[in-house]
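Trainee: What follows is the file work_18.cif, containing mmCIF, C-alpha atoms:
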```cif
data_my_file
#
loop_
_atom_site.label_atom_id
_atom_site.label_comp_id
_atom_site.auth_asym_id
_atom_site.auth_seq_id
_atom_site.Cartn_x
_atom_site.Cartn_y
_atom_site.Cartn_z
CA MET A 392 -35.84 50.72 -15.27
CA ASP A 393 -38.80 53.07 -15.78
CA GLU A 394 -40.76 50.11 -17.10
CA LEU A 395 -40.02 48.08 -13.97
CA LEU A 396 -41.23 50.92 -11.80
CA GLN A 397 -44.39 51.23 -13.90
CA GLN A 398 -45.03 47.52 -13.35
CA LEU A 399 -44.51 47.92 -9.64
CA ASN A 400 -47.01 50.77 -9.61
CA HIS A 401 -49.64 48.40 -10.97
CA VAL A 402 -49.61 46.54 -7.66
CA ARG A 403 -52.75 47.56 -5.79
CA GLY A 404 -51.99 50.04 -3.01
CA ILE A 405 -48.81 51.45 -4.54
CA GLY A 406 -49.08 55.10 -5.45
CA GLY A 407 -45.71 55.66 -7.05
CA SER A 408 -42.13 54.49 -6.92
CA MET A 409 -38.67 55.80 -7.43
CA LEU A 410 -35.13 54.54 -7.52
CA LEU A 411 -32.53 56.76 -5.95
CA SER A 412 -28.81 56.61 -5.41
CA ALA A 413 -27.20 56.33 -1.98
CA GLU A 414 -26.43 60.05 -2.31
CA GLY A 415 -30.11 60.91 -2.69
CA LEU A 416 -30.12 61.52 -6.44
CA PRO A 417 -33.00 60.23 -8.58
CA ILE A 418 -32.09 57.34 -10.93
CA ALA A 419 -35.58 56.56 -12.24
CA ALA A 420 -39.04 57.59 -11.18
CA ALA A 421 -42.66 56.71 -11.82
CA LEU A 422 -44.51 59.11 -9.57
CA ARG A 423 -47.93 60.66 -9.55
CA GLU A 424 -48.23 64.12 -10.99
CA GLY A 425 -47.45 66.76 -8.41
CA THR A 426 -44.81 64.72 -6.58
CA ASP A 427 -41.45 66.45 -6.74
CA GLU A 428 -38.98 63.65 -7.53
CA ASN A 429 -35.92 65.68 -6.60
CA ALA A 430 -37.39 66.64 -3.23
CA LEU A 431 -38.43 63.05 -2.51
CA ALA A 432 -35.03 61.67 -3.53
CA ALA A 433 -33.16 64.20 -1.43
CA ALA A 434 -35.37 63.64 1.64
CA ALA A 435 -35.19 59.85 1.26
CA GLY A 436 -31.40 60.06 0.82
CA VAL A 437 -31.01 62.05 4.04
CA LEU A 438 -33.38 59.68 5.82
CA MET A 439 -31.45 56.58 4.75
CA GLU A 440 -28.16 58.18 5.68
CA SER A 441 -29.43 58.85 9.21
CA ALA A 442 -30.88 55.32 9.38
CA ALA A 443 -27.53 53.87 8.35
CA ARG A 444 -25.82 55.91 11.07
CA LEU A 445 -28.30 54.56 13.62
CA GLY A 446 -27.69 51.04 12.35
CA ARG A 447 -23.92 51.42 12.69
CA HIS A 448 -24.00 52.86 16.20
CA LEU A 449 -26.59 50.46 17.56
CA SER A 450 -25.27 47.34 15.83
CA LEU A 451 -28.39 46.75 13.79
CA GLY A 452 -26.28 45.72 10.81
CA GLY A 453 -26.79 46.88 7.24
CA ILE A 454 -30.17 48.51 6.69
CA GLY A 455 -32.44 46.44 4.47
CA SER A 456 -35.61 48.47 4.69
CA LEU A 457 -37.26 51.43 6.30
CA SER A 458 -40.93 52.18 6.45
CA THR A 459 -42.53 55.32 7.73
CA ALA A 460 -46.27 55.72 7.97
CA GLY A 461 -48.64 58.58 8.60
CA ASP A 462 -52.41 58.94 8.66
CA GLN A 463 -52.58 59.31 4.89
CA GLY A 464 -50.29 56.55 3.74
CA ALA A 465 -46.74 55.35 4.03
CA LEU A 466 -43.36 55.49 2.43
CA LEU A 467 -41.41 52.28 2.11
CA ILE A 468 -37.73 52.34 1.24
CA LEU A 469 -35.95 49.12 0.33
CA ALA A 470 -32.29 48.47 -0.32
CA ALA A 471 -31.75 47.61 -3.98
CA GLY A 472 -28.05 46.88 -4.26
CA LYS A 473 -26.28 50.13 -3.44
CA SER A 474 -29.39 52.12 -4.33
CA TRP A 475 -32.73 52.60 -2.64
CA LEU A 476 -36.18 51.86 -3.98
CA ALA A 477 -38.75 54.24 -2.52
CA VAL A 478 -42.37 53.16 -2.76
CA ILE A 479 -45.33 55.39 -1.92
CA ILE A 480 -48.09 53.41 -0.25
CA ASP A 481 -51.77 54.40 -0.27
CA PRO A 482 -53.46 54.79 3.13
CA SER A 483 -55.74 51.75 2.81
CA ALA A 484 -52.97 49.38 1.72
CA ASN A 485 -51.38 46.66 3.83
CA LEU A 486 -47.77 47.72 4.32
CA ALA A 487 -46.47 44.24 5.20
CA LEU A 488 -48.12 42.67 2.16
CA LEU A 489 -46.81 45.34 -0.19
CA GLN A 490 -43.34 44.89 1.26
CA LEU A 491 -43.53 41.23 0.18
CA GLU A 492 -44.90 42.15 -3.24
CA ALA A 493 -42.12 44.66 -3.79
CA ARG A 494 -39.34 42.15 -3.04
CA PRO A 495 -39.21 40.54 -6.52
CA PHE A 496 -38.96 44.00 -8.05
CA VAL A 497 -36.09 44.82 -5.72
CA GLU A 498 -34.25 41.73 -6.95
CA ARG A 499 -34.85 42.59 -10.59
CA ILE A 500 -33.72 46.16 -10.06
CA SER A 501 -30.60 45.02 -8.20
CA GLN A 502 -29.76 42.65 -11.07
CA ARG A 503 -30.16 45.40 -13.64
CA LEU A 504 -28.03 47.77 -11.62
CA THR A 505 -25.19 45.27 -11.50
CA LEU A 506 -25.25 44.60 -15.25
CA MET L 858 -30.33 76.00 4.61
CA GLU L 859 -27.46 78.13 3.26
CA SER L 860 -29.83 80.73 1.88
CA GLU L 861 -31.64 80.87 5.23
CA ILE L 862 -28.28 81.37 6.97
CA GLU L 863 -27.45 84.23 4.61
CA ARG L 864 -30.88 85.77 5.09
CA LEU L 865 -30.43 85.67 8.89
CA ARG L 866 -26.91 87.05 8.61
CA LYS L 867 -28.26 90.10 6.77
CA LYS L 868 -31.09 90.35 9.27
CA VAL L 869 -28.81 90.46 12.32
CA GLU L 870 -26.65 93.06 10.57
CA ASN L 871 -29.54 95.35 9.72
CA PHE L 872 -32.25 94.58 12.29
CA PRO L 873 -30.59 92.59 15.07
CA SER L 874 -32.73 90.66 17.52
CA ALA L 875 -31.86 87.98 20.05
CA SER L 876 -34.16 85.45 18.36
CA SER L 877 -32.52 86.01 14.94
CA TYR L 878 -29.08 85.54 16.47
CA ASN L 879 -30.24 82.36 18.20
CA ARG L 880 -31.72 80.95 15.01
CA LEU L 881 -28.60 81.84 13.02
CA ALA L 882 -26.38 80.14 15.59
CA GLU L 883 -28.58 77.04 15.58
CA LEU L 884 -28.51 76.84 11.79
CA SER L 885 -24.74 77.26 11.75
CA ARG L 886 -24.52 74.35 14.16
CA LEU L 887 -26.80 72.27 11.95
CA ALA L 888 -24.57 73.11 9.01
CA GLY L 889 -21.66 71.71 11.03
CA ASP L 890 -19.93 75.05 11.63
CA ASP L 891 -19.63 75.24 15.41
CA GLY L 892 -16.96 77.95 15.10
CA ASP L 893 -19.39 80.25 13.31
CA ALA L 894 -22.19 79.35 15.74
CA GLU L 895 -19.93 80.33 18.64
CA ARG L 896 -19.00 83.65 17.02
CA VAL L 897 -22.70 84.42 16.47
CA CYS L 898 -23.51 83.57 20.10
CA ARG L 899 -20.73 85.79 21.44
CA LYS L 900 -21.84 88.70 19.28
CA CYS L 901 -25.39 88.15 20.42
CA ILE L 902 -24.34 88.14 24.08
CA LYS L 903 -22.58 91.48 23.57
CA GLU L 904 -25.70 93.04 22.13
CA PHE L 905 -28.32 91.16 24.18
CA PRO L 906 -26.63 90.17 27.44
CA ARG L 907 -29.79 88.82 29.01
CA ASN L 908 -30.42 86.36 26.18
CA GLY L 909 -30.06 83.01 27.96
CA GLN L 910 -30.51 80.92 24.81
CA ALA L 911 -27.15 82.03 23.40
CA TYR L 912 -25.49 80.52 26.48
CA VAL L 913 -27.45 77.30 25.99
CA ILE L 914 -26.18 77.04 22.40
CA LEU L 915 -22.62 77.69 23.61
CA ALA L 916 -23.14 74.97 26.21
CA GLU L 917 -24.23 72.55 23.50
CA ILE L 918 -21.11 73.39 21.52
CA ARG L 919 -18.94 72.68 24.57
CA LEU L 920 -20.75 69.38 25.09
CA ALA L 921 -20.02 68.44 21.49
CA GLN L 922 -16.37 69.16 22.29
CA ASN L 923 -16.59 66.88 25.33
CA LYS L 924 -16.10 69.86 27.66
CA LYS L 925 -18.89 69.09 30.04
CA PRO L 926 -17.77 71.28 32.97
CA ASP L 927 -17.61 74.32 30.64
CA ALA L 928 -21.06 73.46 29.42
CA VAL L 929 -22.32 73.35 32.99
CA GLN L 930 -20.92 76.81 33.71
CA LEU L 931 -22.57 78.18 30.60
CA LEU L 932 -25.88 76.63 31.59
CA GLN L 933 -25.56 78.24 35.02
CA ILE L 934 -25.25 81.62 33.35
CA ALA L 935 -28.16 80.81 31.02
CA ILE L 936 -30.35 80.04 34.03
CA GLU L 937 -29.24 83.18 35.83
CA ARG L 938 -30.04 85.31 32.80
CA ASP L 939 -33.28 83.52 32.06
CA PRO L 940 -34.62 81.50 35.01
CA ARG L 941 -37.50 80.29 32.81
CA SER L 942 -35.25 78.77 30.15
CA TYR L 943 -36.73 75.35 29.50
CA THR L 944 -33.77 74.11 27.45
CA ALA L 945 -31.21 75.27 30.00
CA HIS L 946 -32.98 73.51 32.88
CA ARG L 947 -33.54 70.36 30.80
CA LEU L 948 -29.96 70.16 29.63
CA MET L 949 -28.65 70.88 33.11
CA ALA L 950 -30.89 68.14 34.51
CA ASP L 951 -29.59 65.67 31.91
CA LEU L 952 -25.98 66.49 32.78
CA LEU L 953 -26.66 66.14 36.49
CA ILE L 954 -28.36 62.80 35.96
CA ALA L 955 -25.33 61.59 34.04
CA ASP L 956 -23.23 62.80 36.95
CA GLY L 957 -25.39 60.89 39.45
CA ALA L 958 -26.71 64.07 41.10
CA LYS L 959 -30.32 62.97 41.00
CA ASP L 960 -31.67 65.41 43.60
CA GLN L 961 -30.13 68.42 41.91
CA ALA L 962 -31.49 67.26 38.57
CA LEU L 963 -34.91 66.88 40.13
CA ALA L 964 -34.75 70.44 41.42
CA HIS L 965 -34.16 71.72 37.88
CA LEU L 966 -37.00 69.64 36.50
CA ARG L 967 -39.30 70.88 39.26
CA GLN L 968 -38.31 74.42 38.41
CA ILE L 969 -39.61 73.78 34.89
CA VAL L 970 -42.90 72.56 36.33
CA THR L 971 -43.40 75.99 37.93
CA PHE L 972 -43.57 77.73 34.57
CA LYS L 973 -44.57 74.83 32.31
CA PRO L 974 -46.79 72.63 34.47
CA ASN L 975 -48.22 70.37 31.78
CA ASP L 976 -45.10 69.15 30.06
CA PRO L 977 -45.47 65.35 29.93
CA ALA L 978 -41.78 64.79 29.18
CA VAL L 979 -40.69 66.63 32.31
CA SER L 980 -43.37 65.07 34.50
CA ALA L 981 -42.42 61.61 33.32
CA ARG L 982 -38.74 62.29 33.92
CA ILE L 983 -39.57 63.38 37.48
CA VAL L 984 -41.47 60.14 38.05
CA GLU L 985 -38.54 58.19 36.64
CA LEU L 986 -36.02 59.94 38.89
CA GLU L 987 -38.10 59.69 42.01
CA GLY L 988 -38.13 55.95 41.60
CA LYS L 989 -34.38 55.66 40.94
CA PRO L 990 -31.82 55.71 43.76
CA GLY L 991 -28.99 58.19 43.28
CA LYS L 992 -26.46 60.39 45.02
CA PRO L 993 -28.13 62.85 47.39
CA ALA L 994 -27.58 66.53 46.74
CA ASP L 995 -24.54 67.61 48.72
CA THR L 996 -25.52 71.24 49.03
CA ALA L 997 -28.61 72.90 50.31
CA PRO L 998 -30.45 74.43 47.39
CA THR L 999 -30.71 78.18 47.01
CA VAL L 1000 -33.03 80.19 44.86
CA VAL L 1001 -31.89 82.03 41.78
CA GLY L 1002 -35.30 82.76 40.33
CA GLY L 1003 -34.68 85.89 38.35
CA ALA L 1004 -32.56 87.73 40.91
CA PRO L 1005 -30.00 90.08 39.38
CA VAL L 1006 -26.61 88.43 39.24
CA ALA L 1007 -23.11 89.59 38.66
CA ARG L 1008 -21.89 89.16 35.11
CA ARG L 1009 -19.61 86.20 34.69
CA ALA L 1010 -16.96 85.43 32.16
CA ILE L 1011 -18.04 82.98 29.52
CA PRO L 1012 -16.04 79.79 29.90
CA THR L 1013 -13.73 79.25 26.97
CA ALA L 1014 -12.77 75.94 25.48
CA GLY L 1015 -9.80 75.61 27.81
CA ALA L 1016 -11.43 76.67 31.09
CA THR L 1017 -10.86 74.57 34.17
CA PRO L 1018 -13.80 72.99 35.68
CA ALA L 1019 -15.44 71.83 38.81
CA THR L 1020 -17.55 68.68 38.60
CA PRO L 1021 -20.98 69.38 37.21
CA ALA L 1022 -22.63 68.57 40.54
CA GLN L 1023 -20.39 71.00 42.42
CA ALA L 1024 -20.62 73.62 39.75
CA VAL L 1025 -24.39 73.80 39.82
CA ALA L 1026 -24.71 74.08 43.58
CA SER L 1027 -24.72 77.86 43.40
CA THR L 1028 -27.50 78.01 40.86
CA GLN L 1029 -29.56 75.15 42.17
CA PRO L 1030 -33.20 76.08 41.99
CA SER L 1031 -35.28 75.75 45.10
CA ALA L 1032 -36.93 72.43 45.76
CA LEU L 1033 -40.48 73.10 44.70
CA PRO L 1034 -43.38 70.76 45.00
CA ALA L 1035 -43.52 68.64 41.86
CA ARG L 1036 -46.69 67.67 40.12
CA PRO L 1037 -45.52 64.30 38.88
CA LEU L 1038 -47.54 61.77 36.99
CA PRO L 1039 -48.39 58.63 38.94
CA ALA L 1040 -45.77 55.91 38.54
CA THR L 1041 -48.38 53.71 36.88
CA ARG L 1042 -48.13 55.97 33.85
CA VAL L 1043 -44.88 54.38 32.81
CA SER L 1044 -46.01 50.82 33.49
CA ALA L 1045 -47.07 50.42 29.84
CA LEU L 1046 -43.42 50.85 28.88
CA ASP L 1047 -42.49 48.01 31.22
CA ALA L 1048 -45.13 45.84 29.57
CA LEU L 1049 -43.77 46.72 26.15
CA CYS L 1050 -40.24 45.78 27.20
CA ALA L 1051 -41.48 42.48 28.58
CA GLU L 1052 -42.52 41.40 25.07
CA SER L 1053 -40.41 38.66 23.55
CA GLY L 1054 -37.61 39.93 21.30
CA VAL L 1055 -37.62 43.47 22.70
CA SER L 1056 -34.16 44.42 23.91
CA GLY L 1057 -35.09 47.83 25.31
CA ALA L 1058 -37.20 50.91 24.83
CA LEU L 1059 -37.39 54.54 25.74
CA VAL L 1060 -39.53 57.59 25.34
CA ALA L 1061 -37.79 60.61 23.80
CA ASP L 1062 -39.01 64.19 23.72
CA GLY L 1063 -39.07 66.44 20.67
CA SER L 1064 -35.45 67.44 21.22
CA GLY L 1065 -34.21 63.86 21.19
CA ARG L 1066 -33.71 63.64 24.94
CA THR L 1067 -34.66 60.61 26.97
CA VAL L 1068 -37.75 60.96 29.12
CA VAL L 1069 -38.04 57.38 30.40
CA ALA L 1070 -35.99 54.35 29.46
CA ARG L 1071 -36.16 50.66 30.19
CA LYS L 1072 -33.73 47.75 29.70
CA LEU L 1073 -31.13 49.91 27.95
CA PRO L 1074 -27.58 50.60 29.15
CA ALA L 1075 -27.19 54.29 30.09
CA ALA L 1076 -24.68 54.93 27.31
CA GLN L 1077 -26.96 53.42 24.69
CA GLU L 1078 -29.98 55.33 26.04
CA GLU L 1079 -28.74 58.77 25.00
CA LEU L 1080 -27.36 57.56 21.70
CA LEU L 1081 -30.56 55.78 20.77
CA ALA L 1082 -32.73 58.75 21.76
CA ALA L 1083 -30.66 61.19 19.73
CA LEU L 1084 -30.12 59.04 16.62
CA ALA L 1085 -33.66 57.68 16.50
CA SER L 1086 -35.14 61.16 16.93
CA GLU L 1087 -33.03 62.33 14.01
CA VAL L 1088 -34.32 59.44 11.88
CA VAL L 1089 -37.90 60.24 12.92
CA ARG L 1090 -37.45 63.92 11.98
CA ASN L 1091 -36.01 62.91 8.61
CA GLY L 1092 -38.83 60.37 8.17
CA ALA L 1093 -41.41 63.09 8.75
CA ALA L 1094 -39.63 65.30 6.23
CA ALA L 1095 -39.61 62.50 3.64
CA LEU L 1096 -43.32 61.83 4.25
CA SER L 1097 -44.09 65.50 3.75
CA THR L 1098 -42.61 65.36 0.23
CA VAL L 1099 -45.37 62.91 -0.71
CA GLY L 1100 -48.09 65.05 0.83
CA GLN L 1101 -48.34 63.50 4.29
CA ASP L 1102 -47.99 65.77 7.23
CA ARG L 1103 -47.94 63.48 10.23
CA LEU L 1104 -45.66 60.54 11.01
CA SER L 1105 -47.11 57.89 13.31
CA THR L 1106 -44.74 54.94 12.92
CA LEU L 1107 -41.28 54.35 11.55
CA THR L 1108 -39.38 51.08 11.34
CA VAL L 1109 -35.74 50.61 10.41
CA VAL L 1110 -34.87 46.98 9.75
CA GLY L 1111 -31.24 45.96 9.78
CA ALA L 1112 -29.61 42.58 9.28
CA GLN L 1113 -29.21 42.07 13.04
CA GLY L 1114 -32.02 44.01 14.59
CA GLN L 1115 -34.60 46.69 14.15
CA MET L 1116 -35.63 50.02 15.60
CA MET L 1117 -39.25 51.04 15.78
CA ALA L 1118 -40.57 54.48 16.58
CA PHE L 1119 -44.15 55.34 17.44
CA SER L 1120 -45.25 58.91 17.67
CA ARG L 1121 -48.37 61.00 17.62
CA ASP L 1122 -47.21 64.56 17.14
CA GLN L 1123 -43.45 64.16 17.62
CA ARG L 1124 -43.75 65.77 21.06
CA LEU L 1125 -43.05 62.34 22.52
CA THR L 1126 -41.85 59.28 20.63
CA VAL L 1127 -41.66 55.71 21.86
CA ILE L 1128 -38.50 54.10 20.51
CA VAL L 1129 -38.02 50.35 20.67
CA LEU L 1130 -35.00 48.18 19.89
CA ALA L 1131 -35.92 44.61 19.00
CA SER L 1132 -34.85 41.53 17.13
CA THR L 1133 -35.87 41.21 13.48
CA GLN L 1134 -38.46 38.57 14.40
CA VAL L 1135 -40.63 41.08 16.25
CA ARG L 1136 -43.55 42.45 14.25
CA PRO L 1137 -44.00 46.20 14.67
CA ALA L 1138 -47.79 45.85 14.60
CA MET L 1139 -47.56 43.65 17.69
CA LEU L 1140 -45.88 46.41 19.67
CA GLU L 1141 -47.84 49.31 18.28
CA LEU L 1142 -50.78 48.98 20.67
CA ARG L 1143 -48.48 48.90 23.68
CA ALA L 1144 -46.50 51.86 22.38
CA ARG L 1145 -49.70 53.83 21.82
CA GLN L 1146 -50.67 53.05 25.41
CA VAL L 1147 -47.34 54.46 26.59
CA LEU L 1148 -48.06 57.69 24.69
CA ILE L 1149 -51.60 57.89 26.06
CA ASP L 1150 -50.36 57.35 29.61
CA LEU L 1151 -47.83 60.14 29.19
CA GLY L 1152 -50.46 62.49 27.84
CA ALA L 1153 -49.26 62.48 24.23
CA GLY L 1154 -51.55 59.84 22.76
#
```
So, in terms of C-alpha cells, how does the structure I just supplied come out?
Mentor:
Amino acid sequence: MDELLQQLNHVRGIGGSMLLSAEGLPIAAALREGTDENALAAAAGVLMESAARLGRHLSLGGIGSLSTAGDQGALLILAAGKSWLAVIIDPSANLALLQLEARPFVERISQRLTL
Amino acid sequence: MESEIERLRKKVENFPSASSYNRLAELSRLAGDDGDAERVCRKCIKEFPRNGQAYVILAEIRLAQNKKPDAVQLLQIAIERDPRSYTAHRLMADLLIADGAKDQALAHLRQIVTFKPNDPAVSARIVELEGKPGKPADTAPTVVGGAPVARRAIPTAGATPATPAQAVASTQPSALPARPLPATRVSALDALCAESGVSGALVADGSGRTVVARKLPAAQEELLAALASEVVRNGAAALSTVGQDRLSTLTVVGAQGQMMAFSRDQRLTVIVLASTQVRPAMLELRARQVLIDLGAG
C-alpha cells in the first residue's frame, strides 16, 4: 500500500497522500516531512463523518469525494472502498485534473483492501 | 477537548469568571453532555447573575430538547441581563422568523445594528425580511435597553409556555432605524440560483445560521446551514493539519447531488446545493460576487 501511495505522489501537483479508515485512523501514509499523519487522519475522519451526515440529511447519497481548497493548496479526499484516500494538492495544481489522475489509484487501493 | 474541559473546571473552581463558565458550558455541549453544560450554566448564574451568555447556552440546550417556548423565555432573560447580547438577539430573531413574527424579529435585528452596525450577516437578514411578507407584530414594542429588571425564574425543562411571538412581546426592543444593505446586494444569489442544475443556495454566518436563502424549503434551509457550516469548520481544521490556514472552497460530492461552499474568512459562507453535473468552478465567480456584495468578499 505504501508503494501505491508513493506512486501516486509522483503525479505532478500531489504533495503527499494517505489512506485512512472510516474511523479516522491512519492505514498507510506517504507524507512530506513535518506533516503529522495522526492529526491529518483524525481531522479527515471527522470531516468525512460530518460530510456523510450532511449527505444523509440532504439526500446527496453516499459521499464519493470531498475537496477543500485554500490559498496555499487543497486537500482531496476520495472514497476507497470503506476507507478514505486523502491527497494533498500543491497550490499551482489543477484540482479537477488530479482528481481524474487519482481515480485509478483509488480503484487499485480498493481492490487491495478487499483482498 | 477533555483536557481543556478539565482545565476550565479547575479554573472555575479556583478563579471563577463568567467567561470561563461560558466556555466550559460550551465545551460540555460540544462533548455531547448537555446535562453538565446546564449544571455549569446554573452555577454560573448563581455567581454571575448578570451574565446573559449563560442564559443563551441554556436556551440552546432547550432548543436541542425541542422546548422552544422555554428557550424563548431564557432568551428574554438573556436580553434583559445583557441588552447588547448579539447571540441572544440573533437566536431570538431566528425563532421569531420561524414563528412568522417577522416584525418582532426585525426589531431584534435592528437592535443589533445599534451596537454592531457593520455586521453584514445582520444587515443582509434585515434586507431579506423587509422584502418578505409576514405576520405583523401584534404588540407595540417597548424598550428594554439595559433597564434594571426583576429577577425571573429560569424556565425548567417542563415549564409551560406561551408562543414565542407572545412571549417576546414584553422584551421586544424598540423599532430603531435600520441601516440595511440595498436589496441589490442579494441579487447575485438570485443569479447563482438561476444557474442550471442548482437546486438552492444560502448564505450562512459563522455560527451556521442562515443569513439569506433562495429556492430552499424553510426546513431544509436551517439544516443545510447548520450541517454545511459544520463541514466547512471541519474542512478548515483538516486543511490546517497540512499547513493551510484559510479555506476558500469546499465541495462534497455524493451519488445523487453535491454541496459546494465558498468562503473568504468563514464570517460568511455561500452554500449551494446542486446536481452532480454542475462544475463548482462555474459557480465560484457568482458565489464570490455574493460575498463581495455582502461585504465579506
Trainee: Decode the PyMOL selection byres ((chain A) within 8 of (chain L)) for the given file into explicit residues and return them as a PyMOL selection string.
Mentor: chain A and resi 426-427+430-431+434-435+437-438+441-442+444-446+448-466+479
Trainee: Grab the CA of Ala470 (chain A) to CA of Val497 (chain A) distance for me, in Å with one decimal place.
Mentor: 7.5 Å
Trainee: Identify all residues satisfying the PyMOL selection byres ((chain A and resi 418) around 10) in the given file; provide them as a ChimeraX atom specification.
Mentor: /A:392-393,409-412,415-417,419-420,428,432,474-476
Trainee: Write a file of the just-selected residues containing C-alpha atoms, as a short mmCIF file (atom, residue, chain, number, x, y, z; two decimals), in the frame of the given file.
Mentor:
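Result went into part04.cif, see below:
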```
data_model
loop_
_atom_site.label_atom_id
_atom_site.label_comp_id
_atom_site.auth_asym_id
_atom_site.auth_seq_id
_atom_site.Cartn_x
_atom_site.Cartn_y
_atom_site.Cartn_z
CA MET A 392 -35.84 50.72 -15.27
CA ASP A 393 -38.80 53.07 -15.78
CA MET A 409 -38.67 55.80 -7.43
CA LEU A 410 -35.13 54.54 -7.52
CA LEU A 411 -32.53 56.76 -5.95
CA SER A 412 -28.81 56.61 -5.41
CA GLY A 415 -30.11 60.91 -2.69
CA LEU A 416 -30.12 61.52 -6.44
CA PRO A 417 -33.00 60.23 -8.58
CA ALA A 419 -35.58 56.56 -12.24
CA ALA A 420 -39.04 57.59 -11.18
CA GLU A 428 -38.98 63.65 -7.53
CA ALA A 432 -35.03 61.67 -3.53
CA SER A 474 -29.39 52.12 -4.33
CA TRP A 475 -32.73 52.60 -2.64
CA LEU A 476 -36.18 51.86 -3.98
#
```
Trainee: Show me, as a ChimeraX atom specification, the residues that have an atom within 12 Å of Ala493 (chain A) when counting only C-alpha atoms, minus same-chain residues fewer than 3 positions from it.
Mentor: /A:395-396,398-405,408,456,467-471,476-480,486-490,496-500
Trainee: Restricting it to C-alpha atoms, dump the selection as a PDB file, in the coordinates of the input.
Mentor:
```pdb
ATOM      1  CA  LEU A 395     -40.020  48.080 -13.970  1.00  0.00           C
ATOM      2  CA  LEU A 396     -41.230  50.920 -11.800  1.00  0.00           C
ATOM      3  CA  GLN A 398     -45.030  47.520 -13.350  1.00  0.00           C
ATOM      4  CA  LEU A 399     -44.510  47.920  -9.640  1.00  0.00           C
ATOM      5  CA  ASN A 400     -47.010  50.770  -9.610  1.00  0.00           C
ATOM      6  CA  HIS A 401     -49.640  48.400 -10.970  1.00  0.00           C
ATOM      7  CA  VAL A 402     -49.610  46.540  -7.660  1.00  0.00           C
ATOM      8  CA  ARG A 403     -52.750  47.560  -5.790  1.00  0.00           C
ATOM      9  CA  GLY A 404     -51.990  50.040  -3.010  1.00  0.00           C
ATOM     10  CA  ILE A 405     -48.810  51.450  -4.540  1.00  0.00           C
ATOM     11  CA  SER A 408     -42.130  54.490  -6.920  1.00  0.00           C
ATOM     12  CA  SER A 456     -35.610  48.470   4.690  1.00  0.00           C
ATOM     13  CA  LEU A 467     -41.410  52.280   2.110  1.00  0.00           C
ATOM     14  CA  ILE A 468     -37.730  52.340   1.240  1.00  0.00           C
ATOM     15  CA  LEU A 469     -35.950  49.120   0.330  1.00  0.00           C
ATOM     16  CA  ALA A 470     -32.290  48.470  -0.320  1.00  0.00           C
ATOM     17  CA  ALA A 471     -31.750  47.610  -3.980  1.00  0.00           C
ATOM     18  CA  LEU A 476     -36.180  51.860  -3.980  1.00  0.00           C
ATOM     19  CA  ALA A 477     -38.750  54.240  -2.520  1.00  0.00           C
ATOM     20  CA  VAL A 478     -42.370  53.160  -2.760  1.00  0.00           C
ATOM     21  CA  ILE A 479     -45.330  55.390  -1.920  1.00  0.00           C
ATOM     22  CA  ILE A 480     -48.090  53.410  -0.250  1.00  0.00           C
ATOM     23  CA  LEU A 486     -47.770  47.720   4.320  1.00  0.00           C
ATOM     24  CA  ALA A 487     -46.470  44.240   5.200  1.00  0.00           C
ATOM     25  CA  LEU A 488     -48.120  42.670   2.160  1.00  0.00           C
ATOM     26  CA  LEU A 489     -46.810  45.340  -0.190  1.00  0.00           C
ATOM     27  CA  GLN A 490     -43.340  44.890   1.260  1.00  0.00           C
ATOM     28  CA  PHE A 496     -38.960  44.000  -8.050  1.00  0.00           C
ATOM     29  CA  VAL A 497     -36.090  44.820  -5.720  1.00  0.00           C
ATOM     30  CA  GLU A 498     -34.250  41.730  -6.950  1.00  0.00           C
ATOM     31  CA  ARG A 499     -34.850  42.590 -10.590  1.00  0.00           C
ATOM     32  CA  ILE A 500     -33.720  46.160 -10.060  1.00  0.00           C
TER      33      ILE A 500
END
```
Trainee: Can you measure CA of Asp893 (chain L) to CA of Leu920 (chain L) for me? One decimal in Å is fine.
Mentor: 16.1 Å
Trainee: Name the residues in contact with region 1049-1063 of chain L at a cut-off of 7 Å, using only C-alpha atoms, excluding same-chain residues fewer than 2 positions from it; report them as a PDB file with C-alpha atoms, in the coordinates of the input.
Mentor:
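Contents of the output file result.pdb:
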```pdb
ATOM      1  CA  ALA L 978     -41.780  64.790  29.180  1.00  0.00           C
ATOM      2  CA  ALA L1045     -47.070  50.420  29.840  1.00  0.00           C
ATOM      3  CA  LEU L1046     -43.420  50.850  28.880  1.00  0.00           C
ATOM      4  CA  ASP L1047     -42.490  48.010  31.220  1.00  0.00           C
ATOM      5  CA  GLY L1065     -34.210  63.860  21.190  1.00  0.00           C
ATOM      6  CA  ARG L1066     -33.710  63.640  24.940  1.00  0.00           C
ATOM      7  CA  THR L1067     -34.660  60.610  26.970  1.00  0.00           C
ATOM      8  CA  VAL L1068     -37.750  60.960  29.120  1.00  0.00           C
ATOM      9  CA  VAL L1069     -38.040  57.380  30.400  1.00  0.00           C
ATOM     10  CA  ALA L1070     -35.990  54.350  29.460  1.00  0.00           C
ATOM     11  CA  ARG L1071     -36.160  50.660  30.190  1.00  0.00           C
ATOM     12  CA  LYS L1072     -33.730  47.750  29.700  1.00  0.00           C
ATOM     13  CA  LEU L1073     -31.130  49.910  27.950  1.00  0.00           C
ATOM     14  CA  ALA L1082     -32.730  58.750  21.760  1.00  0.00           C
ATOM     15  CA  GLN L1123     -43.450  64.160  17.620  1.00  0.00           C
ATOM     16  CA  ARG L1124     -43.750  65.770  21.060  1.00  0.00           C
ATOM     17  CA  LEU L1125     -43.050  62.340  22.520  1.00  0.00           C
ATOM     18  CA  THR L1126     -41.850  59.280  20.630  1.00  0.00           C
ATOM     19  CA  VAL L1127     -41.660  55.710  21.860  1.00  0.00           C
ATOM     20  CA  ILE L1128     -38.500  54.100  20.510  1.00  0.00           C
ATOM     21  CA  VAL L1129     -38.020  50.350  20.670  1.00  0.00           C
ATOM     22  CA  LEU L1130     -35.000  48.180  19.890  1.00  0.00           C
ATOM     23  CA  ALA L1131     -35.920  44.610  19.000  1.00  0.00           C
ATOM     24  CA  SER L1132     -34.850  41.530  17.130  1.00  0.00           C
ATOM     25  CA  VAL L1135     -40.630  41.080  16.250  1.00  0.00           C
ATOM     26  CA  LEU L1140     -45.880  46.410  19.670  1.00  0.00           C
ATOM     27  CA  ARG L1143     -48.480  48.900  23.680  1.00  0.00           C
ATOM     28  CA  ALA L1144     -46.500  51.860  22.380  1.00  0.00           C
TER      29      ALA L1144
END
```
